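Chemist: So here's work.csv (CSV, C-alpha atoms).
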chain,number,residue,atom,x,y,z
A,1,MET,CA,-36.3,44.1,11.8
A,2,LEU,CA,-38.3,46.7,9.8
A,3,SER,CA,-38.8,46.2,6.1
A,4,TRP,CA,-41.2,47.8,3.6
A,5,GLU,CA,-41.4,44.4,1.9
A,6,TYR,CA,-41.4,40.8,3.1
A,7,PRO,CA,-42.7,37.8,1.1
A,8,PRO,CA,-45.2,37.3,-0.3
A,9,LEU,CA,-45.0,41.1,-0.6
A,10,VAL,CA,-42.0,41.5,-3.0
A,11,VAL,CA,-41.1,44.8,-4.7
A,12,GLY,CA,-37.3,44.3,-5.1
A,13,GLY,CA,-34.4,42.5,-3.6
A,14,ILE,CA,-35.0,43.7,0.0
A,15,ALA,CA,-37.7,41.1,0.6
A,16,ALA,CA,-35.5,38.2,-0.2
A,17,HIS,CA,-32.6,39.6,1.9
A,18,VAL,CA,-34.7,40.2,5.0
A,19,GLU,CA,-36.4,36.8,4.7
A,20,GLY,CA,-33.2,34.9,4.3
A,21,LEU,CA,-31.4,36.9,7.1
A,22,ALA,CA,-34.3,36.6,9.5
A,23,GLN,CA,-34.8,32.9,9.1
A,24,ALA,CA,-31.1,32.1,9.3
A,25,MET,CA,-31.0,34.1,12.6
A,26,ALA,CA,-34.0,32.2,13.9
A,27,GLN,CA,-32.4,28.9,13.0
A,28,ALA,CA,-29.3,30.0,14.9
A,29,GLY,CA,-31.4,30.4,18.1
A,30,HIS,CA,-32.1,34.2,18.0
A,31,GLU,CA,-35.6,35.6,18.6
A,32,VAL,CA,-36.6,37.6,15.5
A,33,VAL,CA,-39.6,39.8,14.8
A,34,VAL,CA,-40.1,41.3,11.4
A,35,CYS,CA,-42.4,44.3,11.0
A,36,SER,CA,-43.6,44.9,7.4
A,37,LEU,CA,-46.7,45.7,5.4
A,38,HIS,CA,-50.1,44.0,5.1
A,39,HIS,CA,-50.6,41.4,2.4
A,40,PRO,CA,-54.1,40.0,1.7
A,41,GLU,CA,-52.8,36.4,1.3
A,42,VAL,CA,-51.2,36.1,4.8
A,43,PRO,CA,-52.2,36.9,8.4
A,44,ASP,CA,-51.0,40.2,10.0
A,45,ASP,CA,-49.5,38.2,12.9
A,46,SER,CA,-47.9,34.9,12.1
A,47,ILE,CA,-44.8,32.7,12.7
A,48,VAL,CA,-43.0,31.6,9.6
A,49,ASN,CA,-40.0,29.3,9.8
A,50,GLY,CA,-39.3,30.5,13.4
A,51,VAL,CA,-39.7,34.3,12.5
A,52,ARG,CA,-42.6,36.2,14.0
A,53,VAL,CA,-44.0,38.5,11.2
A,54,LEU,CA,-46.2,41.4,12.1
A,55,ARG,CA,-47.8,43.4,9.3
A,56,ALA,CA,-49.4,46.9,9.3
A,57,ASP,CA,-52.2,48.1,7.0
A,58,THR,CA,-50.7,51.3,5.8
A,59,GLY,CA,-53.5,52.3,3.3
A,60,LEU,CA,-54.2,55.9,4.0
A,61,PRO,CA,-56.6,57.1,1.3
A,62,TRP,CA,-56.7,60.7,2.4
A,63,LEU,CA,-53.1,61.4,1.4
A,64,PRO,CA,-52.4,62.5,-2.2
A,65,ASP,CA,-51.1,59.7,-4.3
A,66,ASP,CA,-48.2,61.8,-5.7
A,67,ASP,CA,-46.8,62.7,-2.2
A,68,LEU,CA,-44.5,59.8,-1.6
A,69,ILE,CA,-42.7,61.2,1.4
A,70,ALA,CA,-46.0,62.0,3.2
A,71,THR,CA,-47.3,58.5,2.4
A,72,MET,CA,-44.1,56.9,3.7
A,73,ALA,CA,-43.9,58.9,6.9
A,74,SER,CA,-47.6,58.3,7.7
A,75,ALA,CA,-47.2,54.6,7.0
A,76,ASN,CA,-44.2,54.4,9.4
A,77,HIS,CA,-46.6,55.5,12.1
A,78,GLN,CA,-48.6,52.3,11.4
A,79,LEU,CA,-45.4,50.3,11.6
A,80,VAL,CA,-44.6,51.8,15.0
A,81,LYS,CA,-48.0,50.8,16.3
A,82,LEU,CA,-47.1,47.2,15.7
A,83,ALA,CA,-44.9,47.4,18.8
A,84,THR,CA,-48.2,47.3,20.9
A,85,ARG,CA,-48.5,43.6,19.8
A,86,LEU,CA,-45.2,42.7,21.4
A,87,GLY,CA,-46.5,42.5,24.9
A,88,SER,CA,-43.7,42.3,27.4
A,89,TRP,CA,-41.2,41.1,24.8
A,90,ARG,CA,-38.4,43.5,24.0
A,91,PRO,CA,-35.6,43.3,21.4
A,92,ASP,CA,-31.9,44.0,21.9
A,93,VAL,CA,-31.6,45.7,18.6
A,94,VAL,CA,-33.9,47.5,16.1
A,95,HIS,CA,-32.7,46.9,12.5
A,96,ALA,CA,-34.1,49.2,9.8
A,97,HIS,CA,-33.8,48.1,6.1
A,98,ASP,CA,-33.4,51.2,3.9
A,99,TRP,CA,-35.0,54.7,4.1
A,100,LEU,CA,-38.6,53.6,3.7
A,101,VAL,CA,-38.7,52.5,7.3
A,102,ALA,CA,-36.3,55.2,8.7
A,103,TRP,CA,-38.9,57.0,10.8
A,104,ALA,CA,-40.3,53.8,12.4
A,105,GLY,CA,-36.8,52.5,13.1
A,106,ASP,CA,-35.7,55.7,14.8
A,107,THR,CA,-38.9,55.9,16.9
A,108,LEU,CA,-38.9,52.3,18.0
A,109,SER,CA,-35.2,52.5,18.9
A,110,SER,CA,-36.0,55.4,21.3
A,111,LEU,CA,-39.2,53.9,22.7
A,112,LEU,CA,-37.6,50.5,23.4
A,113,GLY,CA,-34.3,52.0,24.5
A,114,VAL,CA,-32.2,49.8,22.2
A,115,PRO,CA,-29.6,50.7,19.5
A,116,LEU,CA,-30.7,51.2,15.9
A,117,VAL,CA,-28.8,49.4,13.1
A,118,ALA,CA,-29.5,50.4,9.5
A,119,THR,CA,-28.8,48.5,6.3
A,120,ILE,CA,-28.6,50.8,3.2
A,121,HIS,CA,-29.4,48.6,0.2
A,122,ALA,CA,-29.1,51.4,-2.4
A,123,THR,CA,-28.9,55.2,-2.4
A,124,GLU,CA,-31.0,57.7,-4.3
A,125,ARG,CA,-27.8,59.4,-5.5
A,126,GLY,CA,-26.5,56.1,-6.9
A,127,ARG,CA,-29.8,55.4,-8.7
A,128,HIS,CA,-29.3,58.8,-10.5
A,129,GLY,CA,-25.8,58.1,-11.6
A,130,GLY,CA,-24.1,60.0,-8.8
A,131,HIS,CA,-26.3,63.1,-9.1
A,132,LEU,CA,-29.4,64.4,-7.3
A,133,PRO,CA,-32.0,65.9,-9.5
A,134,PRO,CA,-34.2,68.6,-7.9
A,135,GLY,CA,-37.3,67.5,-6.0
A,136,LEU,CA,-38.0,64.0,-4.7
A,137,PRO,CA,-34.5,62.5,-5.1
A,138,GLY,CA,-33.0,65.2,-2.9
A,139,THR,CA,-35.7,64.7,-0.2
A,140,ILE,CA,-35.1,60.9,-0.2
A,141,ASN,CA,-31.3,61.5,0.0
A,142,SER,CA,-31.9,63.6,3.1
A,143,VAL,CA,-33.9,60.8,4.8
A,144,GLU,CA,-31.1,58.3,3.9
A,145,TRP,CA,-28.5,60.7,5.4
A,146,TRP,CA,-30.6,61.2,8.6
A,147,LEU,CA,-31.1,57.4,8.9
A,148,THR,CA,-27.3,56.7,8.7
A,149,TYR,CA,-26.7,59.5,11.2
A,150,GLN,CA,-29.3,58.2,13.7
A,151,ALA,CA,-28.2,54.6,13.5
A,152,ARG,CA,-25.5,53.3,15.9
A,153,GLU,CA,-24.0,51.1,13.1
A,154,VAL,CA,-24.6,50.9,9.4
A,155,ILE,CA,-24.4,47.9,7.1
A,156,ALA,CA,-23.8,47.9,3.3
A,157,CYS,CA,-23.8,44.9,1.1
A,158,SER,CA,-20.7,45.4,-1.1
A,159,ARG,CA,-17.4,47.3,-1.2
A,160,PHE,CA,-19.0,49.5,-3.8
A,161,MET,CA,-21.9,50.4,-1.4
A,162,VAL,CA,-19.6,50.9,1.6
A,163,HIS,CA,-17.7,53.5,-0.4
A,164,GLU,CA,-20.9,55.1,-1.6
A,165,VAL,CA,-22.4,55.3,1.9
A,166,LEU,CA,-19.2,56.5,3.5
A,167,HIS,CA,-18.6,59.3,1.1
A,168,GLY,CA,-22.2,60.2,0.3
A,169,PHE,CA,-23.2,60.6,4.0
A,170,GLU,CA,-19.9,61.6,5.4
A,171,LEU,CA,-19.7,58.8,8.0
A,172,PRO,CA,-16.7,57.6,10.0
A,173,ALA,CA,-15.2,54.5,8.5
A,174,GLU,CA,-15.6,52.4,11.6
A,175,LYS,CA,-19.4,52.9,11.6
A,176,VAL,CA,-20.0,51.2,8.2
A,177,HIS,CA,-19.7,47.4,7.9
A,178,LEU,CA,-19.6,45.2,4.8
A,179,VAL,CA,-22.1,42.3,5.0
A,180,PRO,CA,-23.1,40.8,1.7
A,181,ASN,CA,-26.4,39.3,0.6
A,182,GLY,CA,-26.9,35.6,0.6
A,183,VAL,CA,-29.0,33.0,-1.2
A,184,ASP,CA,-30.8,29.8,-0.3
A,185,THR,CA,-29.3,27.4,-2.7
A,186,GLN,CA,-31.7,24.6,-1.9
A,187,ARG,CA,-34.6,26.8,-2.7
A,188,TRP,CA,-33.3,27.7,-6.2
A,189,SER,CA,-31.5,24.6,-7.3
A,190,GLN,CA,-33.2,21.7,-9.1
A,191,PRO,CA,-31.6,18.4,-10.3
A,192,ALA,CA,-32.3,19.3,-13.9
A,193,ALA,CA,-30.2,22.4,-13.5
A,194,ARG,CA,-27.0,20.4,-13.2
A,195,GLY,CA,-27.1,19.1,-16.8
A,196,ARG,CA,-27.2,20.8,-20.2
A,197,SER,CA,-29.9,18.5,-21.6
A,198,GLY,CA,-33.1,20.2,-22.5
A,199,ARG,CA,-31.7,23.8,-22.5
A,200,GLU,CA,-32.9,26.1,-25.2
A,201,PRO,CA,-31.5,29.3,-26.7
A,202,LEU,CA,-33.5,31.2,-24.1
A,203,VAL,CA,-32.2,34.2,-22.1
A,204,VAL,CA,-33.9,35.0,-18.8
A,205,ALA,CA,-33.7,38.2,-16.8
A,206,TRP,CA,-35.8,39.3,-13.9
A,207,GLY,CA,-36.1,42.1,-11.3
A,208,ARG,CA,-37.7,45.5,-10.7
A,209,ILE,CA,-38.3,47.1,-14.0
A,210,GLN,CA,-36.5,50.4,-13.7
A,211,TYR,CA,-34.2,52.3,-16.1
A,212,GLU,CA,-31.1,51.6,-14.0
A,213,LYS,CA,-31.7,47.8,-14.2
A,214,GLY,CA,-30.6,48.0,-17.9
A,215,PHE,CA,-33.2,45.7,-19.5
A,216,GLN,CA,-33.2,48.0,-22.5
A,217,VAL,CA,-29.6,47.1,-23.1
A,218,LEU,CA,-30.5,43.4,-23.1
A,219,ALA,CA,-33.3,44.1,-25.6
A,220,ARG,CA,-30.8,45.6,-28.0
A,221,ALA,CA,-28.4,42.7,-27.6
A,222,ILE,CA,-31.2,40.2,-28.4
A,223,GLY,CA,-31.9,42.2,-31.6
A,224,GLU,CA,-28.2,41.8,-32.6
A,225,LEU,CA,-28.4,38.0,-32.0
A,226,ARG,CA,-31.4,37.5,-34.2
A,227,HIS,CA,-29.3,36.1,-37.1
A,228,ARG,CA,-26.4,34.9,-35.0
A,229,VAL,CA,-28.1,32.5,-32.7
A,230,PRO,CA,-31.0,30.5,-34.3
A,231,GLY,CA,-34.1,30.4,-32.2
A,232,ILE,CA,-32.9,33.0,-29.7
A,233,ARG,CA,-35.6,34.2,-27.3
A,234,CYS,CA,-35.7,36.3,-24.1
A,235,VAL,CA,-38.1,36.5,-21.2
A,236,ILE,CA,-37.9,39.5,-18.8
A,237,ALA,CA,-39.9,39.0,-15.7
A,238,GLY,CA,-40.9,41.7,-13.2
A,239,ARG,CA,-42.9,44.9,-12.6
A,240,GLY,CA,-41.9,48.5,-12.2
A,241,THR,CA,-42.5,52.0,-13.4
A,242,TYR,CA,-40.2,51.7,-16.4
A,243,LEU,CA,-42.3,48.9,-18.0
A,244,PRO,CA,-44.2,51.1,-20.6
A,245,GLU,CA,-40.9,52.7,-21.7
A,246,LEU,CA,-39.2,49.3,-21.9
A,247,GLN,CA,-42.0,48.0,-24.1
A,248,THR,CA,-41.7,51.0,-26.4
A,249,HIS,CA,-38.0,50.4,-26.6
A,250,ILE,CA,-38.6,46.7,-27.5
A,251,ASP,CA,-41.0,47.8,-30.2
A,252,VAL,CA,-38.7,50.4,-31.7
A,253,GLU,CA,-35.8,47.9,-31.7
A,254,GLY,CA,-38.1,45.5,-33.6
A,255,VAL,CA,-37.7,42.6,-31.2
A,256,SER,CA,-41.2,42.3,-29.8
A,257,ASP,CA,-41.3,38.8,-31.4
A,258,LEU,CA,-38.2,37.8,-29.5
A,259,VAL,CA,-38.5,39.5,-26.1
A,260,GLN,CA,-41.4,38.8,-23.8
A,261,LEU,CA,-42.2,41.1,-20.9
A,262,ALA,CA,-43.8,38.5,-18.6
A,263,GLY,CA,-44.8,40.7,-15.6
A,264,PHE,CA,-44.8,39.1,-12.2
A,265,VAL,CA,-43.7,35.4,-12.5
A,266,PRO,CA,-44.3,33.1,-9.5
A,267,ASP,CA,-41.2,31.3,-8.1
A,268,ASP,CA,-42.2,27.9,-9.4
A,269,ASP,CA,-42.7,29.2,-12.9
A,270,LEU,CA,-39.4,31.2,-12.7
A,271,HIS,CA,-37.5,28.2,-11.6
A,272,ALA,CA,-39.0,26.2,-14.6
A,273,LEU,CA,-37.8,28.9,-16.9
A,274,LEU,CA,-34.3,28.8,-15.5
A,275,GLN,CA,-34.1,25.0,-16.0
A,276,ARG,CA,-34.6,25.6,-19.7
A,277,ALA,CA,-32.5,28.8,-20.1
A,278,ALA,CA,-29.2,28.9,-21.9
A,279,CYS,CA,-28.2,31.7,-19.6
A,280,VAL,CA,-29.3,34.4,-17.1
A,281,VAL,CA,-28.5,38.0,-17.8
A,282,ILE,CA,-28.3,40.8,-15.2
A,283,PRO,CA,-27.7,43.9,-17.3
A,284,SER,CA,-27.9,46.6,-14.6
A,285,LEU,CA,-26.4,50.1,-15.1
A,286,TYR,CA,-26.4,50.6,-11.3
A,287,GLU,CA,-26.5,47.7,-8.9
A,288,PRO,CA,-25.4,47.9,-5.2
A,289,PHE,CA,-25.2,44.1,-4.9
A,290,GLY,CA,-27.4,42.1,-7.3
A,291,ILE,CA,-29.0,39.3,-5.4
A,292,VAL,CA,-30.6,38.1,-8.6
A,293,ALA,CA,-27.0,37.1,-9.8
A,294,LEU,CA,-26.8,34.7,-6.7
A,295,GLU,CA,-30.2,33.3,-7.5
A,296,GLY,CA,-29.3,32.7,-11.1
A,297,MET,CA,-26.2,30.9,-10.2
A,298,ALA,CA,-28.0,28.9,-7.5
A,299,ALA,CA,-30.5,27.8,-10.1
A,300,GLY,CA,-27.7,26.3,-12.2
A,301,ALA,CA,-28.0,28.8,-15.1
A,302,PRO,CA,-24.8,30.2,-16.6
A,303,THR,CA,-24.9,33.9,-15.5
A,304,ILE,CA,-23.8,37.0,-17.4
A,305,VAL,CA,-23.7,40.3,-15.5
A,306,ALA,CA,-22.7,43.9,-16.1
A,307,ARG,CA,-19.4,44.9,-14.6
A,308,THR,CA,-20.9,47.4,-12.2
A,309,GLY,CA,-21.2,47.8,-8.4
A,310,GLY,CA,-21.7,44.7,-6.4
A,311,LEU,CA,-22.2,42.5,-9.5
A,312,ALA,CA,-18.6,42.9,-10.5
A,313,GLU,CA,-17.4,42.1,-6.9
A,314,ILE,CA,-19.4,38.8,-7.0
A,315,LEU,CA,-18.0,37.4,-10.2
A,316,ASP,CA,-14.8,39.2,-11.2
A,317,GLY,CA,-11.9,36.7,-11.2
A,318,THR,CA,-14.1,33.7,-10.2
A,319,ASP,CA,-14.9,32.1,-13.6
A,320,ALA,CA,-18.3,31.5,-12.1
A,321,GLY,CA,-19.9,33.7,-14.8
A,322,MET,CA,-19.2,36.2,-17.5
A,323,LEU,CA,-19.1,40.1,-17.3
A,324,PHE,CA,-19.6,42.8,-19.9
A,325,GLU,CA,-19.3,46.6,-19.7
A,326,PRO,CA,-22.6,48.2,-18.5
A,327,GLY,CA,-24.6,49.6,-21.4
A,328,ASN,CA,-22.5,47.8,-24.1
A,329,HIS,CA,-25.1,45.7,-25.9
A,330,HIS,CA,-22.5,44.6,-28.5
A,331,GLU,CA,-20.4,43.0,-25.8
A,332,LEU,CA,-23.4,41.5,-24.1
A,333,ALA,CA,-24.5,39.9,-27.4
A,334,ASP,CA,-21.0,38.4,-27.7
A,335,ARG,CA,-21.2,36.9,-24.2
A,336,ILE,CA,-24.6,35.4,-24.8
A,337,ALA,CA,-23.4,33.9,-28.1
A,338,GLU,CA,-20.4,32.4,-26.4
A,339,VAL,CA,-22.4,30.7,-23.7
A,340,VAL,CA,-24.9,29.3,-26.2
A,341,ALA,CA,-22.1,28.0,-28.4
A,342,ASP,CA,-19.9,26.5,-25.7
A,343,PRO,CA,-21.6,23.9,-23.5
A,344,THR,CA,-18.3,23.0,-21.8
A,345,ALA,CA,-17.6,26.6,-20.7
A,346,ALA,CA,-21.2,26.8,-19.5
A,347,ASP,CA,-20.8,23.7,-17.4
A,348,ARG,CA,-17.5,25.0,-15.9
A,349,MET,CA,-19.2,28.3,-14.9
A,350,ARG,CA,-22.0,26.3,-13.2
A,351,ALA,CA,-19.6,24.2,-11.2
A,352,ASN,CA,-17.5,27.3,-10.1
A,353,ALA,CA,-20.7,29.2,-9.2
A,354,ALA,CA,-21.9,26.3,-7.0
A,355,GLU,CA,-18.5,26.3,-5.1
A,356,LEU,CA,-18.6,30.2,-4.8
A,357,LEU,CA,-22.1,30.2,-3.3
A,358,ARG,CA,-21.2,27.4,-0.9
A,359,LYS,CA,-18.1,29.1,0.4
A,360,THR,CA,-19.3,32.8,0.6
A,361,TYR,CA,-23.0,33.4,0.3
A,362,THR,CA,-24.9,31.1,2.7
A,363,TRP,CA,-27.5,32.9,4.8
A,364,ALA,CA,-26.0,31.2,7.9
A,365,ALA,CA,-22.7,33.0,7.3
A,366,ILE,CA,-24.5,36.3,6.6
A,367,ALA,CA,-26.5,36.0,9.8
A,368,ASP,CA,-23.3,35.4,11.8
A,369,GLU,CA,-21.8,38.5,10.3
A,370,THR,CA,-24.9,40.6,11.0
A,371,VAL,CA,-25.1,39.5,14.6
A,372,ALA,CA,-21.4,40.5,15.0
A,373,VAL,CA,-22.5,44.0,13.9
A,374,TYR,CA,-25.3,43.9,16.5
A,375,ARG,CA,-22.8,43.1,19.2
A,376,ILE,CA,-20.7,46.1,18.2
A,377,ALA,CA,-23.9,48.3,18.4
A,378,LEU,CA,-24.6,46.9,21.9
A,379,GLY,CA,-21.1,48.0,22.9
Turn the structure described in the file into structure tokens.

Modeler:
Amino acid sequence: MLSWEYPPLVVGGIAAHVEGLAQAMAQAGHEVVVCSLHHPEVPDDSIVNGVRVLRADTGLPWLPDDDLIATMASANHQLVKLATRLGSWRPDVVHAHDWLVAWAGDTLSSLLGVPLVATIHATERGRHGGHLPPGLPGTINSVEWWLTYQAREVIACSRFMVHEVLHGFELPAEKVHLVPNGVDTQRWSQPAARGRSGREPLVVAWGRIQYEKGFQVLARAIGELRHRVPGIRCVIAGRGTYLPELQTHIDVEGVSDLVQLAGFVPDDDLHALLQRAACVVIPSLYEPFGIVALEGMAAGAPTIVARTGGLAEILDGTDAGMLFEPGNHHELADRIAEVVADPTAADRMRANAAELLRKTYTWAAIADETVAVYRIALG
């Protein structure tokens, strides 16, 4: 597997997906090697929970900082070089996760003489509301298109994304396979999460801080709740390029005393926040899947999500959480107020969420479905 991020290097949801998938495959008896980027806190060659993780130092200071495509293409050269550490070991399949590792995936597939499988976690067109602004977005879209063309089989994580990939890249229907994300419930659950005692009027949200994640909608909803829910507070955790604009938005809305931008929050601290929270909110405007929704439910927090993309598919009709229309801060405020005011409904959502995760979103099941796609690729 090739991935631009792998824990402890975490940028978005891809890191959690690749880690969960790789470890579940290893536990099922498959040999798995993940090639990713260097991180100063871990070795560049290690075995973690049965998965061999190779890391490349892709720092190339002679490239201009603003030329993202050149940086990615050159860094992929370093990822390909990791194959020299494999010795006589050869994989049956090369699996590339998203466009950032497209070049390395295609090259290693040819060098090793094995099929390429690609997972498209999101598309550049989708991030821009179905349009492609001139410049970098069009270039990234071209790389995504090329990756799906070169791959023997393509995986998408939701029906929403299957449709987006099929029509956006003009692929035959039989080439694109739906395999959802999963979640490690043991990693996220805590005994305290099962009860209501000790919970505060605290709203928690986390993820990559980008415009399409909709955190600005949550900030407006919190402002509306100032006088409806005594003691209401909100913590938004994460890093991203939209962070300065989000802080400005919070200041303009006059909720800087209620909404805290916490930056990167370690897992243990995030879990502690979730044990205290009245609810988790995923306010995305665009969301191919929304693995954070699974994590919120696994942590035992009542979960409220925008009715968009994969988020809607996870929760619609399950009574495992609440939904609101994307961008509608009035409706979001109503949903938060309902959860805070009705402990019985919150407990019912938690119970339904636990059952939903157990039946549908275990990594063992996701690994089996992915291996089935590999077998198709192998013909």

Chemist: Between A:Ala96, A:Ala173, A:Met297, A:Ala354, single out the one closest to Val33 (chain A), counting all atoms listed in the file.

Modeler: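 Once distances to Val33 (chain A) are computed over all atoms listed in the file, the minimum belongs to A:Ala96.
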
Chemist: Determine the nearest neighbour of Cys157 (chain A) from the options A:Pro288, A:Gly135, A:Pro201, A:Pro64, counting all atoms listed in the file.

Modeler: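 With all atoms listed in the file as the atom set, the closest residue is A:Pro288.
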
Chemist: Between A:Asp316, A:Glu287, A:Asp268, A:Asp57, which residue has the minimum interatomic distance to His128 (chain A), considering all atoms listed in the file?

Modeler: A:Glu287

Chemist: Identify, on the basis of only C-alpha atoms, every residue whose closest approach to region 221-226 of chain A does not exceed 6 Å; exclude the query and any residue fewer than 5 positions from it along the same chain; express the result as a list of chain:residue names.

Modeler: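 Listing them by chain and then by number gives A:Val255, A:His329, A:Ala333.
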
Chemist: Around (-48.3, 44.6, 5.8), as given in the file, which residues come within 6 Å? Count only C-alpha atoms and list them as a list of chain:residue names.

Modeler: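 Those residues lying close to the given coordinates are A:Ser36, A:Leu37, A:His38, A:His39, A:Arg55, A:Ala56, A:Asp57.
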
Chemist: Missing atoms in region 369-376 of chain A need filling: write out all heavy atoms for it as a JSON list (two decimals), in the frame of the given file.

Modeler:
[["chain", "number", "residue", "atom", "x", "y", "z"],
["A", 369, "GLU", "N", -22.41, 37.26, 10.49],
["A", 369, "GLU", "CA", -21.80, 38.50, 10.30],
["A", 369, "GLU", "C", -22.64, 39.69, 10.78],
["A", 369, "GLU", "O", -22.16, 40.68, 11.34],
["A", 369, "GLU", "CB", -21.38, 38.73, 8.83],
["A", 369, "GLU", "CG", -20.32, 37.76, 8.34],
["A", 369, "GLU", "CD", -19.97, 38.00, 6.88],
["A", 369, "GLU", "OE1", -19.80, 39.17, 6.48],
["A", 369, "GLU", "OE2", -19.89, 37.00, 6.12],
["A", 370, "THR", "N", -23.95, 39.57, 10.55],
["A", 370, "THR", "CA", -24.90, 40.60, 11.00],
["A", 370, "THR", "C", -24.99, 40.67, 12.50],
["A", 370, "THR", "O", -25.00, 41.75, 13.11],
["A", 370, "THR", "CB", -26.26, 40.39, 10.37],
["A", 370, "THR", "OG1", -26.15, 40.28, 8.93],
["A", 370, "THR", "CG2", -27.22, 41.52, 10.70],
["A", 371, "VAL", "N", -25.03, 39.50, 13.14],
["A", 371, "VAL", "CA", -25.10, 39.50, 14.60],
["A", 371, "VAL", "C", -23.80, 40.08, 15.18],
["A", 371, "VAL", "O", -23.85, 40.75, 16.23],
["A", 371, "VAL", "CB", -25.26, 38.01, 15.09],
["A", 371, "VAL", "CG1", -25.04, 37.91, 16.60],
["A", 371, "VAL", "CG2", -26.65, 37.52, 14.73],
["A", 372, "ALA", "N", -22.68, 39.91, 14.51],
["A", 372, "ALA", "CA", -21.40, 40.50, 15.00],
["A", 372, "ALA", "C", -21.56, 42.05, 14.97],
["A", 372, "ALA", "O", -21.05, 42.73, 15.87],
["A", 372, "ALA", "CB", -20.27, 40.09, 14.10],
["A", 373, "VAL", "N", -22.27, 42.61, 13.98],
["A", 373, "VAL", "CA", -22.50, 44.00, 13.90],
["A", 373, "VAL", "C", -23.43, 44.45, 15.09],
["A", 373, "VAL", "O", -23.23, 45.49, 15.74],
["A", 373, "VAL", "CB", -23.10, 44.49, 12.58],
["A", 373, "VAL", "CG1", -23.44, 45.98, 12.58],
["A", 373, "VAL", "CG2", -22.13, 44.17, 11.46],
["A", 374, "TYR", "N", -24.45, 43.62, 15.37],
["A", 374, "TYR", "CA", -25.30, 43.90, 16.50],
["A", 374, "TYR", "C", -24.52, 43.99, 17.81],
["A", 374, "TYR", "O", -24.77, 44.86, 18.66],
["A", 374, "TYR", "CB", -26.38, 42.80, 16.66],
["A", 374, "TYR", "CG", -27.42, 42.72, 15.57],
["A", 374, "TYR", "CD1", -28.30, 41.63, 15.52],
["A", 374, "TYR", "CD2", -27.55, 43.68, 14.59],
["A", 374, "TYR", "CE1", -29.26, 41.51, 14.54],
["A", 374, "TYR", "CE2", -28.50, 43.57, 13.59],
["A", 374, "TYR", "CZ", -29.36, 42.49, 13.57],
["A", 374, "TYR", "OH", -30.31, 42.38, 12.60],
["A", 375, "ARG", "N", -23.58, 43.08, 17.98],
["A", 375, "ARG", "CA", -22.80, 43.10, 19.20],
["A", 375, "ARG", "C", -21.95, 44.35, 19.33],
["A", 375, "ARG", "O", -21.76, 44.89, 20.43],
["A", 375, "ARG", "CB", -21.90, 41.84, 19.25],
["A", 375, "ARG", "CG", -22.69, 40.54, 19.30],
["A", 375, "ARG", "CD", -21.83, 39.34, 19.67],
["A", 375, "ARG", "NE", -22.57, 38.09, 19.52],
["A", 375, "ARG", "CZ", -23.48, 37.65, 20.37],
["A", 375, "ARG", "NH1", -23.78, 38.35, 21.45],
["A", 375, "ARG", "NH2", -24.11, 36.49, 20.16],
["A", 376, "ILE", "N", -21.46, 44.84, 18.19],
["A", 376, "ILE", "CA", -20.70, 46.10, 18.20],
["A", 376, "ILE", "C", -21.70, 47.25, 18.62],
["A", 376, "ILE", "O", -21.36, 48.12, 19.43],
["A", 376, "ILE", "CB", -20.12, 46.41, 16.83],
["A", 376, "ILE", "CG1", -19.03, 45.36, 16.51],
["A", 376, "ILE", "CG2", -19.54, 47.82, 16.77],
["A", 376, "ILE", "CD1", -18.52, 45.45, 15.09]]
